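Peer 1: Input: one structure, supplied below.
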Amino acid sequence: MDIKLTNVSKSFDKKTVISDMSFSISSGDIVCLLGPSGSGKTTIIRLLIGAIASDRGTIHFGETKVPDLKLLKQIGFMPQNDALYDDLSGEDNLRFFGGFFKMGKSHLEKRITEVLELVDLSDHRKKYIRNYSGGMKKRLSLAATLLHEPDVLLLDEPTVGIDPVLRHNIWNQFKAIKATGKTIIVSTHVMDEVTECDKAALIYNGRLINYDSVENLLSKTKSGKVEELFIEADKRQKGGEAL
Amino acid sequence: MSVAKRIIRQVAGDKRSVMMIVFAPLLILTLLYFLLGNTTYKPTIAIHESKLPPALVATLKAEDAHIVDIHEDMDSELYLKDHRDVDAVFSLSEAGSGITMYESSSKSAKAMKVIQNALASLNPSAKMTTTFVIGKENASFFESMGYIFFGLFAFFFIFLISGMSLVKERSIGTLERFMMSPISRSSVILGYTVGYGVFAVLQAVVMTLFGIYILGIGCAGNIIWAILIMLLLAISAVSFGFLVSTFSNTELQVVQIIPVAIIPQVFFSGLIPMDTIPYGLGNLGYFTPVFYGCTAMKKIMIIGDGFGDIWPYLLGLLIYILVLCILNMLALKKYRRL
């Protein structure tokens with residue numbers, strides 16, 4: 001299922017957050033939305049899922065136009081904060097979030113066991129979330145996203161605030177998920193993470209400054225660092241204003 | 001129903017919430033029972049015995065009060081300031097009888113009653129018999145006003161718990177997360193209502209049984225209707241909490257709304273008769289769920305009416321709930337357009 005954004009714009013209180021953005025994501029890719037904090041990454045994810053409406057432009061998942069209630073069944077969304085219930089156990093959290101997808105009790109239980117294994121939390125399933133460490137919460141949050149076997153994963157800063165070892169683990173999990181044919185869209189402000197993805201959309205001040213395969217993007221730079229492209233874009237935007 | 005099940009599991013797993021819903025109202029009711037119930041307080045009345053007719057002195061002494069003799073003429077106000085254990089000074093002159101009291105309180109009211117009784121027994125034509133069409137003559141303030149607290153507590157505690165937990169869901173993002181699943185907005189609201197509704201029923205049953213069988217508040221009508229009213233009040237409290245949480249970003253802000261949104265409702269609960277409120281402000285009561293709930297509670301518990309008499313108030317509550325639910329559905333659009 002390819003995802004296509006066409007001329008999407010969005011402003012909040014007359015402040016433009018996303019301006020005239022068009023790009024498409026091929027099925028089965030890991031695409032990262034890369035940009036500094038406040039560049040509009042979360043807004044793009046919320047637009048993609050249909051939580052908010054774009055002012056102009058359209059978004060399509062395959063043939064389906066966003067927003068669509070049925071489409072939500074095929075999307076796994078992982079919010080920026082952990083968004084778990086402290087006063088429920090790990091498995092009860094999953095039971096709750098899985099309960100909205102009409103999976104059938106036995107299938108849901110089977111999926112809970114599977115995803116807990118995937119994120120290596122099987123031993124902690126009965127533990128309350130308030131006793132989880134930060135990294136464990138992140139992993140459970142990811143598990144909740146995978147429960148209903150979505151085709152597209154929308155992950156908002158999944159690796160923020162976690163240690164390098166766990167980050168490495170999580171990226172390996174993303175690659176394993178990709179291997180099962182799923183599309184993964186992940187937002188991040190960590191420039192180094194771009195090398196883990198197939199394609200990257202560089203976002204700066206609500207504009208798409210570059211969208212290409214990671215290899216091509218890196219070959220456009222002298223130092224082999226993606227930062228360069230942002231610095232150039234900043235110069236261009238400022239230059240444009242001066243004229 | 002996923003939402004309802006989770007709420008039941010969460011609240012049942014949290015001892016503090018259960019205590020707040022079930023035991024806090026009982027604790028406060030018990031406290032009120034002692035504070036507002038009938039007391040055996042004996043007022044102290046000072047008189048200048050030689051200045052009063054002996055017959056009056058004798059009847060006063062026969063009343064349920066302590067009578068002290070001042071022995072000399074002195075200013076009543078000064079005397080009361082010096083003798084704080086004395087509730088009233090009674091004197092008689094050509095101009096009539098006079099009572100001086102230190103302050104207006106339930107103690108001075110008792111002293112007044114003793115003096116009136118004594119005067120009436122000397123002069124039977126001045127005797128006044130009080131009877132009420134509804135309620136009992138010798139009912140304590142607690143017995144005649146207890147229904148108000150039933151209604152208020154049913155509303156307040158559920159409002160507090162549901163409002164708080166909803167704000168928390170917004171701030172930690174769990175609401176956003178499950179709104180990104182194919183759940184309809186109406187079933188989110190229904191789920192919350194059912195989840196807290198279960199505890200509301202528990203609370204209503206425990207509170208009415210405790211009030212009626214242990215504290216001895218009479219219920220002239222059918223208890224089932226009283227429980228139904230409290231349940232509807234609690235459901236309106238869930239919707240109200242939902243709406244308040246929409247405008248709050250932190251739990252503290254929910255608490256800050258209480259003086260604005262909850263305390264005025266107490267005034268329209270029946271504590272103050274609506275007709276006595278000036279400038280037609282009493283009509284504001286029609287905008288508060290507590291007014292409908294408490295009026296219906298009064299009809300059931302004090303007057304002994306049946307369903308035929310309370311249905312307009314139940315309808316009022318239902319309309320209130322419906323309007324709040326529609327507003328809440330619209331508020332959820334913030335999270336998802338569909």
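The way I read the labels, and the way they are meant: chains A, B, ... in the order of the structure tokens, residue 1 as the first residue of every chain, and ligand 1 as the first ligand shown, with later ones counted on from there.
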Just need the residues of chain B within 12 Å of chain A, counting only C-alpha atoms, so spit them out as an MDAnalysis selection string.
Peer 2: chainID B and resid 1:15 17 165:166 168:185 187:188 191 332:338
Peer 1: Using backbone DSSP assignments, extract all alpha helix (DSSP H) residues from stretch 69-303 of chain B; output them as JSON, numbers by chain.
Peer 2: {"B": [76, 77, 78, 79, 80, 81, 82, 106, 107, 108, 109, 110, 111, 112, 113, 114, 115, 116, 117, 118, 119, 120, 121, 122, 141, 142, 143, 144, 145, 146, 147, 148, 149, 150, 151, 152, 153, 154, 155, 156, 157, 158, 159, 160, 161, 162, 163, 164, 165, 166, 167, 168, 169, 170, 171, 172, 174, 175, 176, 177, 178, 179, 185, 186, 187, 188, 189, 190, 191, 192, 193, 194, 195, 196, 197, 198, 199, 200, 201, 202, 203, 204, 205, 206, 207, 208, 209, 223, 224, 225, 226, 227, 228, 229, 230, 231, 232, 233, 234, 235, 236, 237, 238, 239, 240, 241, 242, 243, 244, 245, 246, 251, 252, 253, 254, 255, 256, 257, 258, 259, 260, 261, 263, 264, 265, 266, 289, 290, 291, 292, 293, 294, 295, 296, 297, 298]}
Peer 1: Enter the distance from atom CA of B:Val22 to atom CA of B:Ala226, in Å, rounded to one decimal.
Peer 2: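 About the pair atom CA of B:Val22 and atom CA of B:Ala226: they are 16.8 Å apart.
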Peer 1: Please provide as number ranges by chain all residues within 12 Å of B:Leu281, with the sequence filter that same-chain residues fewer than 5 positions apart are discarded (counting only C-alpha atoms).
Peer 2: B: 264, 267-268, 272-276, 286-287
Peer 1: For the residues in the current selection, export C-alpha atoms as an mmCIF file, in the first residue's frame.
Peer 2:
data_model
loop_
_atom_site.group_PDB
_atom_site.id
_atom_site.type_symbol
_atom_site.label_atom_id
_atom_site.label_comp_id
_atom_site.auth_asym_id
_atom_site.auth_seq_id
_atom_site.Cartn_x
_atom_site.Cartn_y
_atom_site.Cartn_z
ATOM 1 C CA PRO B 264 -22.506 27.098 43.124
ATOM 2 C CA PHE B 267 -26.642 26.511 46.538
ATOM 3 C CA PHE B 268 -29.204 25.091 44.134
ATOM 4 C CA ILE B 272 -31.583 27.476 50.165
ATOM 5 C CA PRO B 273 -35.229 27.592 48.979
ATOM 6 C CA MET B 274 -35.103 28.817 45.385
ATOM 7 C CA ASP B 275 -37.973 31.305 45.869
ATOM 8 C CA THR B 276 -35.951 33.256 48.411
ATOM 9 C CA TYR B 286 -32.324 24.811 36.042
ATOM 10 C CA PHE B 287 -28.837 24.748 34.532
#
Peer 1: Got a sec: who's within 8 Å of B:Leu232, counting only C-alpha atoms, leaving out chain neighbours fewer than 2 positions off, as an mmCIF file with N, CA, C and O atoms, in the first residue's frame?
Peer 2:
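To be explicit, this is the file written out as selection.cif:
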data_model
loop_
_atom_site.group_PDB
_atom_site.id
_atom_site.type_symbol
_atom_site.label_atom_id
_atom_site.label_comp_id
_atom_site.auth_asym_id
_atom_site.auth_seq_id
_atom_site.Cartn_x
_atom_site.Cartn_y
_atom_site.Cartn_z
ATOM 1 N N LEU B 228 -31.843 5.224 41.811
ATOM 2 C CA LEU B 228 -31.860 5.569 40.379
ATOM 3 C C LEU B 228 -31.470 7.036 40.172
ATOM 4 O O LEU B 228 -30.682 7.369 39.279
ATOM 5 N N ILE B 229 -32.003 7.917 41.016
ATOM 6 C CA ILE B 229 -31.671 9.345 40.887
ATOM 7 C C ILE B 229 -30.173 9.548 41.107
ATOM 8 O O ILE B 229 -29.508 10.262 40.351
ATOM 9 N N MET B 230 -29.641 8.887 42.138
ATOM 10 C CA MET B 230 -28.213 9.049 42.418
ATOM 11 C C MET B 230 -27.365 8.513 41.270
ATOM 12 O O MET B 230 -26.316 9.073 40.952
ATOM 13 N N ALA B 234 -24.751 10.628 39.096
ATOM 14 C CA ALA B 234 -23.361 10.207 38.925
ATOM 15 C C ALA B 234 -22.989 10.161 37.442
ATOM 16 O O ALA B 234 -21.887 10.530 37.063
ATOM 17 N N ILE B 235 -23.931 9.729 36.608
ATOM 18 C CA ILE B 235 -23.650 9.683 35.167
ATOM 19 C C ILE B 235 -23.458 11.101 34.634
ATOM 20 O O ILE B 235 -22.552 11.371 33.848
ATOM 21 N N SER B 236 -24.306 12.026 35.124
ATOM 22 C CA SER B 236 -24.106 13.407 34.682
ATOM 23 C C SER B 236 -22.768 13.931 35.188
ATOM 24 O O SER B 236 -22.116 14.731 34.530
ATOM 25 N N GLY B 293 -31.481 16.572 40.452
ATOM 26 C CA GLY B 293 -31.272 15.384 41.272
ATOM 27 C C GLY B 293 -31.792 15.575 42.684
ATOM 28 O O GLY B 293 -32.541 14.743 43.199
ATOM 29 N N LEU B 314 -36.206 13.607 36.380
ATOM 30 C CA LEU B 314 -35.344 12.593 35.768
ATOM 31 C C LEU B 314 -35.114 12.954 34.303
ATOM 32 O O LEU B 314 -34.011 12.837 33.787
ATOM 33 N N LEU B 317 -32.537 15.590 34.065
ATOM 34 C CA LEU B 317 -31.188 15.021 34.197
ATOM 35 C C LEU B 317 -30.757 14.335 32.906
ATOM 36 O O LEU B 317 -29.623 14.490 32.454
ATOM 37 N N LEU B 318 -31.696 13.583 32.315
ATOM 38 C CA LEU B 318 -31.366 12.859 31.082
ATOM 39 C C LEU B 318 -30.999 13.822 29.964
ATOM 40 O O LEU B 318 -30.034 13.604 29.228
#
Peer 1: Quick one: pull the distance between atom CA of A:Ser213 and atom CA of A:Ile162, Å, one decimal.
Peer 2: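 Atom-to-atom, atom CA of A:Ser213 to atom CA of A:Ile162, that is 26.1 Å.
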Peer 1: Give me, as a list of chain:residue names, the residues of stretch 49-170 of chain B that a backbone DSSP run labels strand (DSSP E).
Peer 2: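 Written out, the strand (DSSP E) residues of stretch 49-170 of chain B are B:His66, B:Ile67, B:Val68, B:Asp69, B:Ala88, B:Val89, B:Phe90, B:Ser91, B:Leu92, B:Ser93, B:Gly96, B:Ser97, B:Gly98, B:Ile99, B:Thr100, B:Met101.
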Peer 1: What's around stretch 118-123 of chain A at 8 Å? Count only C-alpha atoms, leave out sequence neighbours fewer than 6 positions away in its own chain, and write the answer as an MDAnalysis selection string.
Peer 2: chainID A and resid 136 139:140 142:143 173
Peer 1: Restricting the output to C-alpha atoms, write the selected residues as a CSV table (one decimal), in the first residue's frame.
Peer 2:
chain,number,residue,atom,x,y,z
A,136,MET,CA,10.7,-1.2,28.9
A,139,ARG,CA,9.3,-1.4,24.1
A,140,LEU,CA,5.8,-2.1,25.4
A,142,LEU,CA,6.0,-0.4,20.4
A,143,ALA,CA,4.4,-3.8,21.2
A,173,GLN,CA,13.3,-4.8,15.4
Peer 1: May I ask which of the residues A:Thr16, A:Ser37, A:Asn205, A:Thr6 is the closest one to A:Lys65, counting only C-alpha atoms?
Peer 2: A:Thr6
Peer 1: Rounded to one decimal in Å, what is the spacing between atom CA of B:Leu52 and atom CA of B:Ser106?
Peer 2: 25.8 Å
Peer 1: Write out as a list in words each polymer residue whose atoms come within 7 Å of stretch 296-310 of chain B, counting only C-alpha atoms; drop sequence neighbours fewer than 4 positions from it.
Peer 2: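 Those residues are Ile134, Gly135, Tyr147, Gly218, Cys219, Ala220, Gly221, Asn222, Ala226, Ile229, Tyr292 and Leu314 of chain B.
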Peer 1: Create the file for the chosen residues now, containing N, CA, C and O atoms and written as a short mmCIF file (atom, residue, chain, number, x, y, z; two decimals), in the first residue's frame.
Peer 2:
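Result file selection24.cif:
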data_model
loop_
_atom_site.label_atom_id
_atom_site.label_comp_id
_atom_site.auth_asym_id
_atom_site.auth_seq_id
_atom_site.Cartn_x
_atom_site.Cartn_y
_atom_site.Cartn_z
N ILE B 134 -45.20 17.93 55.22
CA ILE B 134 -44.28 16.84 54.91
C ILE B 134 -43.18 16.81 55.96
O ILE B 134 -42.89 17.83 56.59
N GLY B 135 -42.61 15.69 56.16
CA GLY B 135 -41.52 15.56 57.12
C GLY B 135 -42.05 15.44 58.53
O GLY B 135 -43.25 15.57 58.79
N TYR B 147 -31.09 14.29 52.41
CA TYR B 147 -31.20 13.94 50.98
C TYR B 147 -30.27 14.80 50.12
O TYR B 147 -29.76 14.35 49.09
N GLY B 218 -35.01 8.94 57.36
CA GLY B 218 -36.19 8.27 56.84
C GLY B 218 -36.24 8.38 55.34
O GLY B 218 -35.73 9.31 54.75
N CYS B 219 -36.83 7.38 54.69
CA CYS B 219 -37.09 7.49 53.27
C CYS B 219 -38.56 7.20 53.07
O CYS B 219 -39.01 6.08 53.23
N ALA B 220 -39.32 8.28 52.79
CA ALA B 220 -40.77 8.13 52.71
C ALA B 220 -41.19 7.33 51.49
O ALA B 220 -42.17 6.62 51.51
N GLY B 221 -40.42 7.45 50.39
CA GLY B 221 -40.77 6.74 49.16
C GLY B 221 -39.96 5.49 48.99
O GLY B 221 -39.35 4.98 49.93
N ASN B 222 -39.93 5.00 47.75
CA ASN B 222 -39.22 3.76 47.44
C ASN B 222 -37.72 4.03 47.27
O ASN B 222 -37.32 4.91 46.52
N ALA B 226 -34.63 6.42 44.74
CA ALA B 226 -33.53 7.24 45.26
C ALA B 226 -32.21 6.80 44.64
O ALA B 226 -31.39 7.62 44.23
N ILE B 229 -32.00 7.92 41.02
CA ILE B 229 -31.67 9.35 40.89
C ILE B 229 -30.17 9.55 41.11
O ILE B 229 -29.51 10.26 40.35
N TYR B 292 -31.84 19.22 39.68
CA TYR B 292 -32.82 18.19 39.28
C TYR B 292 -32.73 16.99 40.20
O TYR B 292 -33.73 16.45 40.67
N LEU B 314 -36.21 13.61 36.38
CA LEU B 314 -35.34 12.59 35.77
C LEU B 314 -35.11 12.95 34.30
O LEU B 314 -34.01 12.84 33.79
#
Peer 1: Find the residues near A:Thr43: any atom within 9 Å, counting only C-alpha atoms, skip ones fewer than 2 places away on the same chain, and give them as a PyMOL selection string.
Peer 2: chain A and resi 10+17-18+39-41+45-48+52
Peer 1: Can you write just those residues out, all heavy atoms, as a PDB file, in the first residue's frame?
Peer 2:
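So the final result, stored in part.pdb, reads:
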ATOM      1  N   LYS A  10      -0.824  22.863   6.195  1.00  0.00           N
ATOM      2  CA  LYS A  10      -1.557  22.941   7.461  1.00  0.00           C
ATOM      3  C   LYS A  10      -1.049  24.109   8.267  1.00  0.00           C
ATOM      4  O   LYS A  10       0.156  24.298   8.431  1.00  0.00           O
ATOM      5  CB  LYS A  10      -1.360  21.641   8.251  1.00  0.00           C
ATOM      6  CG  LYS A  10      -1.996  21.638   9.614  1.00  0.00           C
ATOM      7  CD  LYS A  10      -3.484  21.460   9.498  1.00  0.00           C
ATOM      8  CE  LYS A  10      -4.173  21.709  10.844  1.00  0.00           C
ATOM      9  NZ  LYS A  10      -5.640  21.740  10.665  1.00  0.00           N
ATOM     10  N   VAL A  17       2.447  25.477   9.561  1.00  0.00           N
ATOM     11  CA  VAL A  17       3.260  24.435  10.170  1.00  0.00           C
ATOM     12  C   VAL A  17       3.781  23.487   9.096  1.00  0.00           C
ATOM     13  O   VAL A  17       4.916  23.028   9.148  1.00  0.00           O
ATOM     14  CB  VAL A  17       2.437  23.658  11.214  1.00  0.00           C
ATOM     15  CG1 VAL A  17       3.298  22.631  11.910  1.00  0.00           C
ATOM     16  CG2 VAL A  17       1.842  24.613  12.238  1.00  0.00           C
ATOM     17  N   ILE A  18       2.938  23.220   8.101  1.00  0.00           N
ATOM     18  CA  ILE A  18       3.335  22.391   6.972  1.00  0.00           C
ATOM     19  C   ILE A  18       2.977  23.166   5.718  1.00  0.00           C
ATOM     20  O   ILE A  18       1.838  23.607   5.578  1.00  0.00           O
ATOM     21  CB  ILE A  18       2.557  21.056   6.964  1.00  0.00           C
ATOM     22  CG1 ILE A  18       2.793  20.259   8.252  1.00  0.00           C
ATOM     23  CG2 ILE A  18       2.921  20.225   5.737  1.00  0.00           C
ATOM     24  CD1 ILE A  18       4.199  19.780   8.447  1.00  0.00           C
ATOM     25  N   SER A  39       9.921  21.139  13.712  1.00  0.00           N
ATOM     26  CA  SER A  39       9.925  21.333  12.264  1.00  0.00           C
ATOM     27  C   SER A  39       8.628  20.861  11.623  1.00  0.00           C
ATOM     28  O   SER A  39       8.376  21.142  10.464  1.00  0.00           O
ATOM     29  CB  SER A  39      11.119  20.607  11.644  1.00  0.00           C
ATOM     30  OG  SER A  39      11.085  19.247  11.986  1.00  0.00           O
ATOM     31  N   GLY A  40       7.795  20.130  12.373  1.00  0.00           N
ATOM     32  CA  GLY A  40       6.506  19.702  11.835  1.00  0.00           C
ATOM     33  C   GLY A  40       6.371  18.199  11.661  1.00  0.00           C
ATOM     34  O   GLY A  40       5.423  17.744  11.016  1.00  0.00           O
ATOM     35  N   LYS A  41       7.288  17.429  12.235  1.00  0.00           N
ATOM     36  CA  LYS A  41       7.247  15.968  12.060  1.00  0.00           C
ATOM     37  C   LYS A  41       5.976  15.348  12.663  1.00  0.00           C
ATOM     38  O   LYS A  41       5.301  14.551  12.020  1.00  0.00           O
ATOM     39  CB  LYS A  41       8.480  15.309  12.710  1.00  0.00           C
ATOM     40  CG  LYS A  41       9.804  15.832  12.186  1.00  0.00           C
ATOM     41  CD  LYS A  41      10.956  15.070  12.802  1.00  0.00           C
ATOM     42  CE  LYS A  41      11.086  15.246  14.299  1.00  0.00           C
ATOM     43  NZ  LYS A  41      11.599  16.555  14.723  1.00  0.00           N
ATOM     44  N   ILE A  45       2.732  13.258  10.929  1.00  0.00           N
ATOM     45  CA  ILE A  45       2.206  11.961  11.366  1.00  0.00           C
ATOM     46  C   ILE A  45       0.728  12.058  11.688  1.00  0.00           C
ATOM     47  O   ILE A  45      -0.069  11.197  11.315  1.00  0.00           O
ATOM     48  CB  ILE A  45       3.044  11.434  12.554  1.00  0.00           C
ATOM     49  CG1 ILE A  45       4.405  10.992  12.013  1.00  0.00           C
ATOM     50  CG2 ILE A  45       2.330  10.288  13.262  1.00  0.00           C
ATOM     51  CD1 ILE A  45       5.311  10.338  12.995  1.00  0.00           C
ATOM     52  N   ARG A  46       0.345  13.133  12.338  1.00  0.00           N
ATOM     53  CA  ARG A  46      -1.078  13.296  12.684  1.00  0.00           C
ATOM     54  C   ARG A  46      -1.934  13.529  11.444  1.00  0.00           C
ATOM     55  O   ARG A  46      -3.092  13.122  11.393  1.00  0.00           O
ATOM     56  CB  ARG A  46      -1.249  14.424  13.701  1.00  0.00           C
ATOM     57  CG  ARG A  46      -0.571  14.076  15.038  1.00  0.00           C
ATOM     58  CD  ARG A  46      -0.733  15.164  16.051  1.00  0.00           C
ATOM     59  NE  ARG A  46      -2.119  15.280  16.473  1.00  0.00           N
ATOM     60  CZ  ARG A  46      -2.639  16.381  16.995  1.00  0.00           C
ATOM     61  NH1 ARG A  46      -1.891  17.455  17.138  1.00  0.00           N
ATOM     62  NH2 ARG A  46      -3.898  16.417  17.355  1.00  0.00           N
ATOM     63  N   LEU A  47      -1.367  14.185  10.459  1.00  0.00           N
ATOM     64  CA  LEU A  47      -2.087  14.361   9.198  1.00  0.00           C
ATOM     65  C   LEU A  47      -2.236  13.015   8.494  1.00  0.00           C
ATOM     66  O   LEU A  47      -3.299  12.681   7.961  1.00  0.00           O
ATOM     67  CB  LEU A  47      -1.343  15.337   8.287  1.00  0.00           C
ATOM     68  CG  LEU A  47      -1.431  16.822   8.625  1.00  0.00           C
ATOM     69  CD1 LEU A  47      -0.360  17.599   7.875  1.00  0.00           C
ATOM     70  CD2 LEU A  47      -2.814  17.369   8.277  1.00  0.00           C
ATOM     71  N   LEU A  48      -1.138  12.228   8.500  1.00  0.00           N
ATOM     72  CA  LEU A  48      -1.151  10.929   7.826  1.00  0.00           C
ATOM     73  C   LEU A  48      -2.224  10.009   8.403  1.00  0.00           C
ATOM     74  O   LEU A  48      -2.927   9.308   7.682  1.00  0.00           O
ATOM     75  CB  LEU A  48       0.218  10.252   7.963  1.00  0.00           C
ATOM     76  CG  LEU A  48       1.307  10.718   7.002  1.00  0.00           C
ATOM     77  CD1 LEU A  48       2.650  10.122   7.389  1.00  0.00           C
ATOM     78  CD2 LEU A  48       0.952  10.334   5.568  1.00  0.00           C
ATOM     79  N   ILE A  52      -5.881  15.031  12.316  1.00  0.00           N
ATOM     80  CA  ILE A  52      -6.220  16.416  12.001  1.00  0.00           C
ATOM     81  C   ILE A  52      -6.391  16.535  10.491  1.00  0.00           C
ATOM     82  O   ILE A  52      -5.874  15.703   9.735  1.00  0.00           O
ATOM     83  CB  ILE A  52      -5.133  17.406  12.503  1.00  0.00           C
ATOM     84  CG1 ILE A  52      -3.747  16.949  12.060  1.00  0.00           C
ATOM     85  CG2 ILE A  52      -5.183  17.544  14.008  1.00  0.00           C
ATOM     86  CD1 ILE A  52      -2.655  17.938  12.391  1.00  0.00           C
TER      87      ILE A  52
END
